[in-house]
Amino acid sequence: MSEIVKRDFPELLATKARDEEKRLPDLPNVEKGGVVMRMAPSPSGPLHIGHARMAILNDEYLRRYGGKLILRIEDTNPANIELDAYQMIQEDLRWLGVNFTDLVIQSKRFDLYYSEMKKLIEAGNAYVATTPTEEFKSNKQRGLPIRERDETPEENLERWEKMVSGGYEKGEVYAVVKTDLNHPNPAIRDFIAFRVIDTPHPLEGDKYRAYPMMNFSVAVDDHYLGLTHVIRGKDHIANTEKQKYIFGYRDWKLPYYLHYGKVSIEHTILKTSLIKKGIRSGEFSGWDDPKLGTLVAFKKRGFDPLAIRKYYVESGIGSVDTTFSWEIFYSFNRKIIDSRSPRHFFVNQPVSLKFDFEGTLRADIPLFPQTSQSGEHRNRSYTVGKGTIIITSQDHQKFDGELVRLKDLGFFKIESSRIEYIGASINEDVQKWNPNKPLGKVPIIHWLSGNEIPFKVTKPDGSEDTGMIERDAVNYLGTVHQFERYGYVNVLNEKEGYFTHP
RNA sequence: GCUCCGGUAGUGUAGUCCGGCCAAGCAUAUCGGCCUUUCGAGCCGACGACCCGGGUCCAAAUCCCGGCCGGAGCACCA
């Protein structure tokens, strides 16, 4: 049976394979009401292509199961907060098509963190220490307690109250959640849950001095927000182990944890601190500079957010570390935008050729070759006569002395700084110039003649291509064009565009 | 150093939990062909992988052991 299919109907097999969309695996323990999940970025800057994996994965499962997807902004480190980021993160998510159902800001929840910590101390599951941290660390390495660990809850509670009310200076005190001093992994042994910070919080000012550490606030919030599933990067595996101790002390039901592998993204800049520095120094034009891996930069380069979604859905949730494949990502984006991208000629590094010709030639070039999809049938129409014809210097060097076809205009012969018309279609004249090659092999190149304006394309590596573009292109500003034989470019205004991808 | 985790074509993945339908699927890239008017598009085809070595088994990408390689964590960051 399958042999017959293979032999007589190979197209059936091909079609079937192509239609199989890759699907994320199902989540375990999903109940009737759906899932409750969260995305937990820190507001240090806008989201980048690395964050997008976390957002897409969570959103895909929300779409499948229904329920809640909480955006929880983790702003418990005032040194690392960019005030604009609270807003930028939400805009980035909207652009990605990720619909969070709730917004939670951790700096509004200090009272909850304080009362929860107090309960842990009262139960003897946490302590407050003034022992130098060097001793705390070295004792942990050897599996030994520091003095305060063995003191009574009352003594620790006293220090806790003093810590919360501002009775200690920065660096003088810290609060610790007990785990297991003999845990085989030293990284899991007793961890710091609170510290004193005296730099003002951008939202809360100097209202609080005792700040929770991520492992503490995350555990408390994951419980009180009712999370059923936590999907995050595997750099959090050790954190999950620590957080589980708090769940255990309070007898809370654990969410289901899933840790995906690290994606390293080459040839782009993601680190917020570097971006901020570069913006200040003028190296980057802003958060959306084309050299950056931020989502706003992706938007400005003309990527469709669906390409990002497809990329991460196809990557799955495996725990293997991977390298982001620009090639594959570009291909996904190309398939999405190709049919809606108007075609135009951009002549990079232009060369003007003298054209002596009696009479005029007419070119009618489709703007959207795939009219069935775009619904637009318009042509760019030009008349060409005596004067100059512009082609790229690259084509000029390559085809000097040879027959070429200027796309949608006709056959021409290039003779150093001149160009000569041979004919509109394949005829005797054309064949005469093309004795050794099959007729279909005449190279087709793009051109301009009397319809050009200067244009600049900025590439993601920061380099620029300058040349001439069809005047018609400015009728389609703010959209991605296919510059024929060059690549896709988001045309920002009449003078310049950002290179999207080949 | 300690504790974990992982290694499928150039790249991204499916399959690994519950061994046989996997002489390993898909995508992307590359190469070739088709297309008298774009292309890095489309269509067709080719190329190309189970980290290494043992073991268990009728049968191993899948289970076990060892090795090698890679990654993560060991912050008063998240």
# chains A, B, ... in the order shown; residues from 1 in each chain; ligands from 1

call {"tool": "residues_around", "arguments": {"residues": "B:G70", "least_positions_apart": "2", "cutoff": "10 Å", "atoms": "only C-alpha atoms (C1' of nucleotides)", "output": "JSON, numbers by chain"}}
result
{"A": [320, 321], "B": [6, 7]}

call {"tool": "residues_around", "arguments": {"residues": "B:C39", "least_positions_apart": "6", "cutoff": "12 Å", "atoms": "only C-alpha atoms (C1' of nucleotides)", "output": "PyMOL selection string"}}
result
chain A and resi 334+338+343-345+369+407+444-446+482-488+502

call {"tool": "residues_around", "arguments": {"residues": "A:Thr466", "least_positions_apart": "2", "cutoff": "8 Å", "atoms": "only C-alpha atoms (C1' of nucleotides)", "output": "PyMOL selection string"}}
result
chain A and resi 348-349+454-457+464+468

call {"tool": "write_last_selection", "arguments": {"atoms": "C-alpha atoms", "output": "mmCIF file, in the first residue's frame"}}
result
data_model
loop_
_atom_site.group_PDB
_atom_site.id
_atom_site.type_symbol
_atom_site.label_atom_id
_atom_site.label_comp_id
_atom_site.auth_asym_id
_atom_site.auth_seq_id
_atom_site.Cartn_x
_atom_site.Cartn_y
_atom_site.Cartn_z
ATOM 1 C CA ASN A 348 23.137 49.335 -4.230
ATOM 2 C CA GLN A 349 26.409 51.032 -5.216
ATOM 3 C CA PRO A 454 18.659 58.115 -2.951
ATOM 4 C CA PHE A 455 18.157 55.530 -0.227
ATOM 5 C CA LYS A 456 20.145 54.037 2.652
ATOM 6 C CA VAL A 457 19.796 50.627 4.261
ATOM 7 C CA GLU A 464 25.113 50.675 5.666
ATOM 8 C CA MET A 468 19.023 54.417 -5.310
#

call {"tool": "residues_around", "arguments": {"residues": "A:Gln141", "least_positions_apart": "3", "cutoff": "9 Å", "atoms": "only C-alpha atoms (C1' of nucleotides)", "output": "MDAnalysis selection string"}}
result
(chainID A and resid 136:138 144 181 186 189) or (chainID B and resid 2)

call {"tool": "write_last_selection", "arguments": {"atoms": "C-alpha atoms (C1' of nucleotides)", "output": "PDB file, in the first residue's frame"}}
result
ATOM      1  CA  PHE A 136      28.204  31.979  56.933  1.00  0.00           C
ATOM      2  CA  LYS A 137      29.563  30.842  53.583  1.00  0.00           C
ATOM      3  CA  SER A 138      32.551  28.926  54.846  1.00  0.00           C
ATOM      4  CA  LEU A 144      28.209  23.738  59.888  1.00  0.00           C
ATOM      5  CA  LEU A 181      23.254  21.941  55.975  1.00  0.00           C
ATOM      6  CA  PRO A 186      26.305  23.113  48.687  1.00  0.00           C
ATOM      7  CA  ARG A 189      22.214  24.748  51.767  1.00  0.00           C
TER       8      ARG A 189
ATOM      9  C1'   C B   2      31.390  20.290  44.940  1.00  0.00           C
TER      10        C B   2
END

call {"tool": "closest_residue", "arguments": {"among": "A:Tyr498, A:Tyr114, A:Tyr224, A:Tyr311", "to": "chain B", "atoms": "only C-alpha atoms (C1' of nucleotides)"}}
result
A:Tyr311

call {"tool": "atom_distance", "arguments": {"atom1": "atom CA of A:Pro41", "atom2": "atom CA of A:Leu258"}}
result
16.8 Å

call {"tool": "interface_residues", "arguments": {"of": "chain B", "to": "chain A", "cutoff": "7 Å", "atoms": "only C-alpha atoms (C1' of nucleotides)", "output": "mmCIF file with N, CA, C and O atoms (P, O5', C5', C4', C3', O3' and C1' of nucleotides), in the first residue's frame"}}
result
data_model
loop_
_atom_site.group_PDB
_atom_site.id
_atom_site.type_symbol
_atom_site.label_atom_id
_atom_site.label_comp_id
_atom_site.auth_asym_id
_atom_site.auth_seq_id
_atom_site.Cartn_x
_atom_site.Cartn_y
_atom_site.Cartn_z
ATOM 1 P P C B 2 35.187 17.089 43.135
ATOM 2 O "O5'" C B 2 33.925 17.729 43.866
ATOM 3 C "C5'" C B 2 33.779 17.628 45.282
ATOM 4 C "C4'" C B 2 32.527 18.364 45.682
ATOM 5 C "C3'" C B 2 31.270 17.926 44.945
ATOM 6 O "O3'" C B 2 30.709 16.760 45.522
ATOM 7 C "C1'" C B 2 31.390 20.290 44.940
ATOM 8 P P U B 3 29.928 15.748 44.575
ATOM 9 O "O5'" U B 3 28.598 16.558 44.257
ATOM 10 C "C5'" U B 3 27.671 16.853 45.302
ATOM 11 C "C4'" U B 3 26.517 17.604 44.714
ATOM 12 C "C3'" U B 3 25.919 16.974 43.471
ATOM 13 O "O3'" U B 3 25.059 15.900 43.820
ATOM 14 C "C1'" U B 3 26.184 19.286 43.115
ATOM 15 P P G B 6 19.201 14.482 32.196
ATOM 16 O "O5'" G B 6 19.893 14.990 30.863
ATOM 17 C "C5'" G B 6 19.207 15.863 29.999
ATOM 18 C "C4'" G B 6 20.161 16.509 29.040
ATOM 19 C "C3'" G B 6 20.804 15.596 28.023
ATOM 20 O "O3'" G B 6 19.904 15.335 26.961
ATOM 21 C "C1'" G B 6 22.422 17.064 28.895
ATOM 22 P P U B 11 26.095 21.598 14.009
ATOM 23 O "O5'" U B 11 24.916 22.636 13.751
ATOM 24 C "C5'" U B 11 25.119 24.038 13.917
ATOM 25 C "C4'" U B 11 23.816 24.750 13.661
ATOM 26 C "C3'" U B 11 22.637 24.250 14.478
ATOM 27 O "O3'" U B 11 22.629 24.795 15.782
ATOM 28 C "C1'" U B 11 21.983 24.435 12.227
ATOM 29 P P G B 12 22.051 23.923 16.994
ATOM 30 O "O5'" G B 12 20.494 23.949 16.715
ATOM 31 C "C5'" G B 12 19.791 25.184 16.783
ATOM 32 C "C4'" G B 12 18.348 24.973 16.433
ATOM 33 C "C3'" G B 12 17.659 23.835 17.167
ATOM 34 O "O3'" G B 12 17.327 24.195 18.489
ATOM 35 C "C1'" G B 12 17.053 23.796 14.888
ATOM 36 P P U B 13 17.076 23.086 19.569
ATOM 37 O "O5'" U B 13 15.740 22.455 18.985
ATOM 38 C "C5'" U B 13 15.351 21.144 19.279
ATOM 39 C "C4'" U B 13 14.270 20.759 18.316
ATOM 40 C "C3'" U B 13 13.725 19.349 18.505
ATOM 41 O "O3'" U B 13 12.694 19.359 19.484
ATOM 42 C "C1'" U B 13 14.254 19.674 16.235
ATOM 43 P P U B 28 11.993 24.742 5.025
ATOM 44 O "O5'" U B 28 13.413 25.249 5.536
ATOM 45 C "C5'" U B 28 13.502 26.403 6.358
ATOM 46 C "C4'" U B 28 14.908 26.549 6.871
ATOM 47 C "C3'" U B 28 16.006 26.541 5.812
ATOM 48 O "O3'" U B 28 16.155 27.814 5.205
ATOM 49 C "C1'" U B 28 16.628 25.127 7.583
ATOM 50 P P U B 36 10.116 29.243 -19.121
ATOM 51 O "O5'" U B 36 9.932 30.798 -19.106
ATOM 52 C "C5'" U B 36 10.907 31.659 -18.534
ATOM 53 C "C4'" U B 36 11.055 32.850 -19.456
ATOM 54 C "C3'" U B 36 9.711 33.382 -19.932
ATOM 55 O "O3'" U B 36 9.401 34.517 -19.162
ATOM 56 C "C1'" U B 36 11.258 33.160 -21.741
ATOM 57 P P U B 37 8.158 34.447 -18.237
ATOM 58 O "O5'" U B 37 8.768 35.133 -16.949
ATOM 59 C "C5'" U B 37 10.016 34.716 -16.412
ATOM 60 C "C4'" U B 37 10.733 35.943 -15.938
ATOM 61 C "C3'" U B 37 9.701 36.939 -15.387
ATOM 62 O "O3'" U B 37 9.543 36.773 -13.990
ATOM 63 C "C1'" U B 37 11.278 37.959 -16.907
ATOM 64 P P U B 38 9.912 36.731 -12.722
ATOM 65 O "O5'" U B 38 11.491 36.535 -12.641
ATOM 66 C "C5'" U B 38 12.411 37.573 -12.924
ATOM 67 C "C4'" U B 38 13.033 38.150 -11.646
ATOM 68 C "C3'" U B 38 13.639 37.136 -10.683
ATOM 69 O "O3'" U B 38 14.940 36.782 -11.080
ATOM 70 C "C1'" U B 38 12.411 38.793 -9.485
ATOM 71 P P C B 39 15.377 35.268 -10.811
ATOM 72 O "O5'" C B 39 15.644 35.325 -9.247
ATOM 73 C "C5'" C B 39 16.646 36.173 -8.701
ATOM 74 C "C4'" C B 39 16.483 36.167 -7.211
ATOM 75 C "C3'" C B 39 16.345 34.777 -6.610
ATOM 76 O "O3'" C B 39 17.626 34.220 -6.407
ATOM 77 C "C1'" C B 39 14.666 36.197 -5.724
ATOM 78 P P G B 40 17.768 32.708 -6.111
ATOM 79 O "O5'" G B 40 17.478 32.717 -4.543
ATOM 80 C "C5'" G B 40 17.950 31.690 -3.704
ATOM 81 C "C4'" G B 40 17.739 32.122 -2.284
ATOM 82 C "C3'" G B 40 16.316 32.547 -1.969
ATOM 83 O "O3'" G B 40 15.707 31.493 -1.261
ATOM 84 C "C1'" G B 40 17.901 34.095 -1.093
ATOM 85 P P G B 71 30.527 25.079 27.867
ATOM 86 O "O5'" G B 71 29.116 25.049 28.588
ATOM 87 C "C5'" G B 71 27.965 25.547 27.910
ATOM 88 C "C4'" G B 71 26.725 25.193 28.686
ATOM 89 C "C3'" G B 71 26.643 25.739 30.103
ATOM 90 O "O3'" G B 71 26.273 27.103 30.120
ATOM 91 C "C1'" G B 71 25.950 23.486 30.095
ATOM 92 P P A B 72 26.705 28.008 31.366
ATOM 93 O "O5'" A B 72 25.683 27.538 32.486
ATOM 94 C "C5'" A B 72 24.289 27.721 32.303
ATOM 95 C "C4'" A B 72 23.546 27.093 33.448
ATOM 96 C "C3'" A B 72 23.983 27.548 34.831
ATOM 97 O "O3'" A B 72 23.402 28.781 35.184
ATOM 98 C "C1'" A B 72 23.827 25.197 34.810
ATOM 99 P P G B 73 24.238 29.800 36.101
ATOM 100 O "O5'" G B 73 24.113 29.135 37.538
ATOM 101 C "C5'" G B 73 22.828 29.014 38.136
ATOM 102 C "C4'" G B 73 22.936 28.155 39.362
ATOM 103 C "C3'" G B 73 23.985 28.604 40.366
ATOM 104 O "O3'" G B 73 23.510 29.659 41.175
ATOM 105 C "C1'" G B 73 24.172 26.283 40.039
ATOM 106 P P C B 74 24.569 30.700 41.791
ATOM 107 O "O5'" C B 74 25.410 29.795 42.800
ATOM 108 C "C5'" C B 74 24.868 29.439 44.062
ATOM 109 C "C4'" C B 74 25.842 28.586 44.800
ATOM 110 C "C3'" C B 74 27.177 29.220 45.127
ATOM 111 O "O3'" C B 74 27.093 30.089 46.253
ATOM 112 C "C1'" C B 74 27.527 27.038 44.335
ATOM 113 P P C B 76 25.402 36.239 49.104
ATOM 114 O "O5'" C B 76 24.426 37.445 49.415
ATOM 115 C "C5'" C B 76 23.046 37.234 49.476
ATOM 116 C "C4'" C B 76 22.444 38.613 49.540
ATOM 117 C "C3'" C B 76 23.145 39.523 48.536
ATOM 118 O "O3'" C B 76 22.175 39.896 47.592
ATOM 119 C "C1'" C B 76 23.103 40.448 50.783
ATOM 120 P P A B 78 16.907 39.740 43.604
ATOM 121 O "O5'" A B 78 16.285 39.338 42.190
ATOM 122 C "C5'" A B 78 15.902 40.344 41.259
ATOM 123 C "C4'" A B 78 15.739 39.682 39.909
ATOM 124 C "C3'" A B 78 14.767 38.510 39.891
ATOM 125 O "O3'" A B 78 13.436 38.937 39.720
ATOM 126 C "C1'" A B 78 16.793 37.860 38.860
#

call {"tool": "select_by_dssp", "arguments": {"residues": "stretch 145-332 of chain A", "states": "strand (DSSP E)", "output": "short mmCIF file (atom, residue, chain, number, x, y, z; two decimals) with N, CA and C atoms, in the first residue's frame"}}
result
data_model
loop_
_atom_site.label_atom_id
_atom_site.label_comp_id
_atom_site.auth_asym_id
_atom_site.auth_seq_id
_atom_site.Cartn_x
_atom_site.Cartn_y
_atom_site.Cartn_z
N TYR A 174 21.21 39.80 57.85
CA TYR A 174 20.52 39.11 56.76
C TYR A 174 19.66 38.01 57.37
N ALA A 175 18.57 37.72 56.67
CA ALA A 175 17.66 36.69 57.15
C ALA A 175 17.79 35.47 56.26
N VAL A 176 17.77 34.30 56.86
CA VAL A 176 18.11 33.06 56.16
C VAL A 176 17.00 32.02 56.32
N VAL A 177 16.70 31.34 55.23
CA VAL A 177 15.78 30.20 55.30
C VAL A 177 16.62 28.93 55.44
N PHE A 191 19.77 29.44 52.54
CA PHE A 191 19.92 30.57 51.62
C PHE A 191 19.34 31.86 52.19
N ILE A 192 19.94 32.95 51.77
CA ILE A 192 19.53 34.26 52.27
C ILE A 192 18.18 34.64 51.67
N ALA A 193 17.28 35.10 52.52
CA ALA A 193 15.92 35.43 52.10
C ALA A 193 15.64 36.93 52.15
N PHE A 194 16.33 37.65 53.01
CA PHE A 194 16.15 39.11 53.11
C PHE A 194 17.49 39.77 53.37
N ARG A 195 17.60 41.00 52.92
CA ARG A 195 18.79 41.81 53.17
C ARG A 195 18.33 43.25 53.33
N VAL A 196 19.24 44.10 53.78
CA VAL A 196 18.90 45.51 53.96
C VAL A 196 19.43 46.31 52.76
N ALA A 210 14.11 46.37 54.44
CA ALA A 210 14.35 44.93 54.33
C ALA A 210 13.76 44.43 53.01
N TYR A 211 14.60 43.98 52.13
CA TYR A 211 14.16 43.54 50.80
C TYR A 211 14.25 42.02 50.69
N PRO A 212 13.19 41.40 50.15
CA PRO A 212 13.25 39.95 49.96
C PRO A 212 14.17 39.60 48.81
N HIS A 229 1.57 25.51 37.21
CA HIS A 229 2.72 25.10 36.40
C HIS A 229 3.70 26.27 36.29
N VAL A 230 4.95 25.96 36.44
CA VAL A 230 6.00 26.98 36.30
C VAL A 230 6.92 26.54 35.17
N ILE A 231 7.01 27.36 34.13
CA ILE A 231 7.91 27.06 33.01
C ILE A 231 8.98 28.14 32.99
N ARG A 232 10.21 27.73 33.16
CA ARG A 232 11.30 28.71 33.15
C ARG A 232 12.60 28.04 32.75
N GLY A 233 13.63 28.83 32.59
CA GLY A 233 14.92 28.33 32.13
C GLY A 233 15.59 27.45 33.17
N TYR A 256 3.81 22.33 39.16
CA TYR A 256 4.63 21.45 38.33
C TYR A 256 5.70 22.31 37.66
N TYR A 257 6.95 21.95 37.86
CA TYR A 257 8.05 22.76 37.32
C TYR A 257 8.59 22.16 36.02
N LEU A 258 8.88 23.04 35.09
CA LEU A 258 9.47 22.61 33.83
C LEU A 258 10.61 23.58 33.51
N HIS A 259 11.78 23.04 33.25
CA HIS A 259 12.94 23.90 32.98
C HIS A 259 13.46 23.64 31.57
N TYR A 260 13.40 24.66 30.75
CA TYR A 260 13.92 24.50 29.38
C TYR A 260 15.38 24.95 29.33
N VAL A 263 19.25 29.14 25.59
CA VAL A 263 19.39 29.49 24.18
C VAL A 263 20.48 30.55 24.08
N SER A 264 21.55 30.26 23.42
CA SER A 264 22.52 31.34 23.23
C SER A 264 22.28 31.98 21.87
N THR A 322 20.79 25.25 23.35
CA THR A 322 20.80 25.39 21.90
C THR A 322 21.33 26.76 21.51
N THR A 323 21.63 26.88 20.24
CA THR A 323 22.04 28.15 19.68
C THR A 323 20.91 28.65 18.78
#

call {"tool": "residues_around", "arguments": {"residues": "B:G10", "least_positions_apart": "3", "cutoff": "10 Å", "atoms": "only C-alpha atoms (C1' of nucleotides)", "output": "number ranges by chain"}}
result
B: 29-30, 48

call {"tool": "closest_residue", "arguments": {"among": "A:Tyr65, A:Trp447, A:Phe346, A:Tyr382", "to": "A:Thr360", "atoms": "only C-alpha atoms"}}
result
A:Tyr382

call {"tool": "select_by_dssp", "arguments": {"residues": "stretch 42-154 of chain A", "states": "helix (DSSP H, G or I)", "output": "PDB file with C-alpha atoms, in the first residue's frame"}}
result
ATOM      1  CA  ILE A  49      14.501  37.620  21.959  1.00  0.00           C
ATOM      2  CA  GLY A  50      15.684  35.444  24.845  1.00  0.00           C
ATOM      3  CA  HIS A  51      12.748  36.484  27.050  1.00  0.00           C
ATOM      4  CA  ALA A  52      10.419  35.743  24.169  1.00  0.00           C
ATOM      5  CA  ARG A  53      10.856  32.010  24.654  1.00  0.00           C
ATOM      6  CA  MET A  54       9.523  32.217  28.187  1.00  0.00           C
ATOM      7  CA  ALA A  55       6.597  34.347  27.055  1.00  0.00           C
ATOM      8  CA  ILE A  56       5.684  32.231  24.021  1.00  0.00           C
ATOM      9  CA  LEU A  57       5.888  28.920  25.853  1.00  0.00           C
ATOM     10  CA  ASN A  58       3.650  30.139  28.665  1.00  0.00           C
ATOM     11  CA  ASP A  59       1.211  31.724  26.260  1.00  0.00           C
ATOM     12  CA  GLU A  60       0.972  28.610  24.095  1.00  0.00           C
ATOM     13  CA  TYR A  61      -0.099  26.557  27.088  1.00  0.00           C
ATOM     14  CA  LEU A  62      -2.551  29.186  28.237  1.00  0.00           C
ATOM     15  CA  ARG A  63      -4.140  29.072  24.792  1.00  0.00           C
ATOM     16  CA  ARG A  64      -4.321  25.298  24.925  1.00  0.00           C
ATOM     17  CA  TYR A  65      -5.706  24.871  28.422  1.00  0.00           C
ATOM     18  CA  PRO A  78      16.105  48.674  43.276  1.00  0.00           C
ATOM     19  CA  ALA A  79      19.626  48.866  41.854  1.00  0.00           C
ATOM     20  CA  ASN A  80      18.452  47.055  38.750  1.00  0.00           C
ATOM     21  CA  ALA A  85      10.578  48.955  31.753  1.00  0.00           C
ATOM     22  CA  TYR A  86       7.307  48.409  33.649  1.00  0.00           C
ATOM     23  CA  GLN A  87       5.545  49.780  30.584  1.00  0.00           C
ATOM     24  CA  MET A  88       7.910  48.549  27.892  1.00  0.00           C
ATOM     25  CA  ILE A  89       7.580  44.938  29.024  1.00  0.00           C
ATOM     26  CA  GLN A  90       3.817  45.094  28.645  1.00  0.00           C
ATOM     27  CA  GLU A  91       4.091  46.627  25.192  1.00  0.00           C
ATOM     28  CA  ASP A  92       6.578  43.982  24.129  1.00  0.00           C
ATOM     29  CA  LEU A  93       4.213  41.239  25.262  1.00  0.00           C
ATOM     30  CA  ARG A  94       1.309  42.803  23.426  1.00  0.00           C
ATOM     31  CA  TRP A  95       3.369  42.978  20.272  1.00  0.00           C
ATOM     32  CA  LEU A  96       4.286  39.306  20.680  1.00  0.00           C
ATOM     33  CA  GLN A 106       6.276  42.500  43.703  1.00  0.00           C
ATOM     34  CA  SER A 107       7.176  45.801  45.312  1.00  0.00           C
ATOM     35  CA  LYS A 108       3.480  46.166  46.214  1.00  0.00           C
ATOM     36  CA  PHE A 110       6.256  43.583  50.877  1.00  0.00           C
ATOM     37  CA  ASP A 111       3.753  43.240  53.709  1.00  0.00           C
ATOM     38  CA  LEU A 112       2.929  39.737  52.536  1.00  0.00           C
ATOM     39  CA  TYR A 113       6.607  38.810  52.341  1.00  0.00           C
ATOM     40  CA  TYR A 114       7.228  40.176  55.830  1.00  0.00           C
ATOM     41  CA  SER A 115       4.366  38.279  57.418  1.00  0.00           C
ATOM     42  CA  GLU A 116       5.373  35.059  55.687  1.00  0.00           C
ATOM     43  CA  MET A 117       8.946  35.390  56.836  1.00  0.00           C
ATOM     44  CA  LYS A 118       7.771  36.004  60.355  1.00  0.00           C
ATOM     45  CA  LYS A 119       5.850  32.743  60.270  1.00  0.00           C
ATOM     46  CA  LEU A 120       8.925  30.852  59.143  1.00  0.00           C
ATOM     47  CA  ILE A 121      11.002  32.349  61.942  1.00  0.00           C
ATOM     48  CA  GLU A 122       8.347  31.553  64.530  1.00  0.00           C
ATOM     49  CA  THR A 133      28.746  36.446  55.644  1.00  0.00           C
ATOM     50  CA  GLU A 134      32.251  35.064  55.090  1.00  0.00           C
ATOM     51  CA  GLU A 135      31.725  32.836  58.088  1.00  0.00           C
ATOM     52  CA  PHE A 136      28.204  31.979  56.933  1.00  0.00           C
ATOM     53  CA  LYS A 137      29.563  30.842  53.583  1.00  0.00           C
ATOM     54  CA  SER A 138      32.551  28.926  54.846  1.00  0.00           C
ATOM     55  CA  ASN A 139      30.455  27.165  57.465  1.00  0.00           C
ATOM     56  CA  LYS A 140      28.000  26.121  54.794  1.00  0.00           C
ATOM     57  CA  GLN A 141      30.796  24.593  52.765  1.00  0.00           C
ATOM     58  CA  ARG A 142      31.633  22.423  55.748  1.00  0.00           C
ATOM     59  CA  ARG A 147      25.478  30.901  65.881  1.00  0.00           C
ATOM     60  CA  GLU A 148      22.046  32.359  65.106  1.00  0.00           C
ATOM     61  CA  ARG A 149      20.821  29.195  63.397  1.00  0.00           C
ATOM     62  CA  ASP A 150      20.571  27.435  66.727  1.00  0.00           C
ATOM     63  CA  PRO A 153      12.689  31.695  67.477  1.00  0.00           C
ATOM     64  CA  GLU A 154      12.164  34.475  70.034  1.00  0.00           C
TER      65      GLU A 154
END

call {"tool": "atom_distance", "arguments": {"atom1": "atom CA of A:Lys162", "atom2": "atom CA of A:Arg250"}}
result
24.1 Å

call {"tool": "atom_distance", "arguments": {"atom1": "atom CA of A:Asn125", "atom2": "atom CA of A:Thr179"}}
result
8.2 Å

call {"tool": "residues_around", "arguments": {"residues": "A:Gln394", "least_positions_apart": "2", "cutoff": "9 Å", "atoms": "only C-alpha atoms (C1' of nucleotides)", "output": "VMD selection string"}}
result
chain A and resid 348 to 350 391 to 392 396 to 399

call {"tool": "write_last_selection", "arguments": {"atoms": "C-alpha atoms", "output": "PDB file, in the first residue's frame"}}
result
ATOM      1  CA  ASN A 348      23.137  49.335  -4.230  1.00  0.00           C
ATOM      2  CA  GLN A 349      26.409  51.032  -5.216  1.00  0.00           C
ATOM      3  CA  PRO A 350      24.888  52.331  -8.440  1.00  0.00           C
ATOM      4  CA  ILE A 391      22.593  49.090 -12.350  1.00  0.00           C
ATOM      5  CA  THR A 392      24.666  47.891  -9.410  1.00  0.00           C
ATOM      6  CA  HIS A 396      28.280  45.871 -14.024  1.00  0.00           C
ATOM      7  CA  GLN A 397      31.581  44.197 -13.246  1.00  0.00           C
ATOM      8  CA  LYS A 398      30.171  40.737 -13.574  1.00  0.00           C
ATOM      9  CA  PHE A 399      28.306  41.182 -16.847  1.00  0.00           C
TER      10      PHE A 399
END

call {"tool": "residues_around", "arguments": {"residues": "B:A9", "least_positions_apart": "6", "cutoff": "10 Å", "atoms": "only C-alpha atoms (C1' of nucleotides)", "output": "PDB file with C-alpha atoms (C1' of nucleotides), in the first residue's frame"}}
result
ATOM      1  C1'   C B  47      23.388  15.333   0.298  1.00  0.00           C
ATOM      2  C1'   G B  48      23.729  14.715   5.436  1.00  0.00           C
ATOM      3  C1'   A B  49      23.077  12.422  12.207  1.00  0.00           C
ATOM      4  C1'   C B  50      21.826   8.568  16.899  1.00  0.00           C
TER       5        C B  50
END
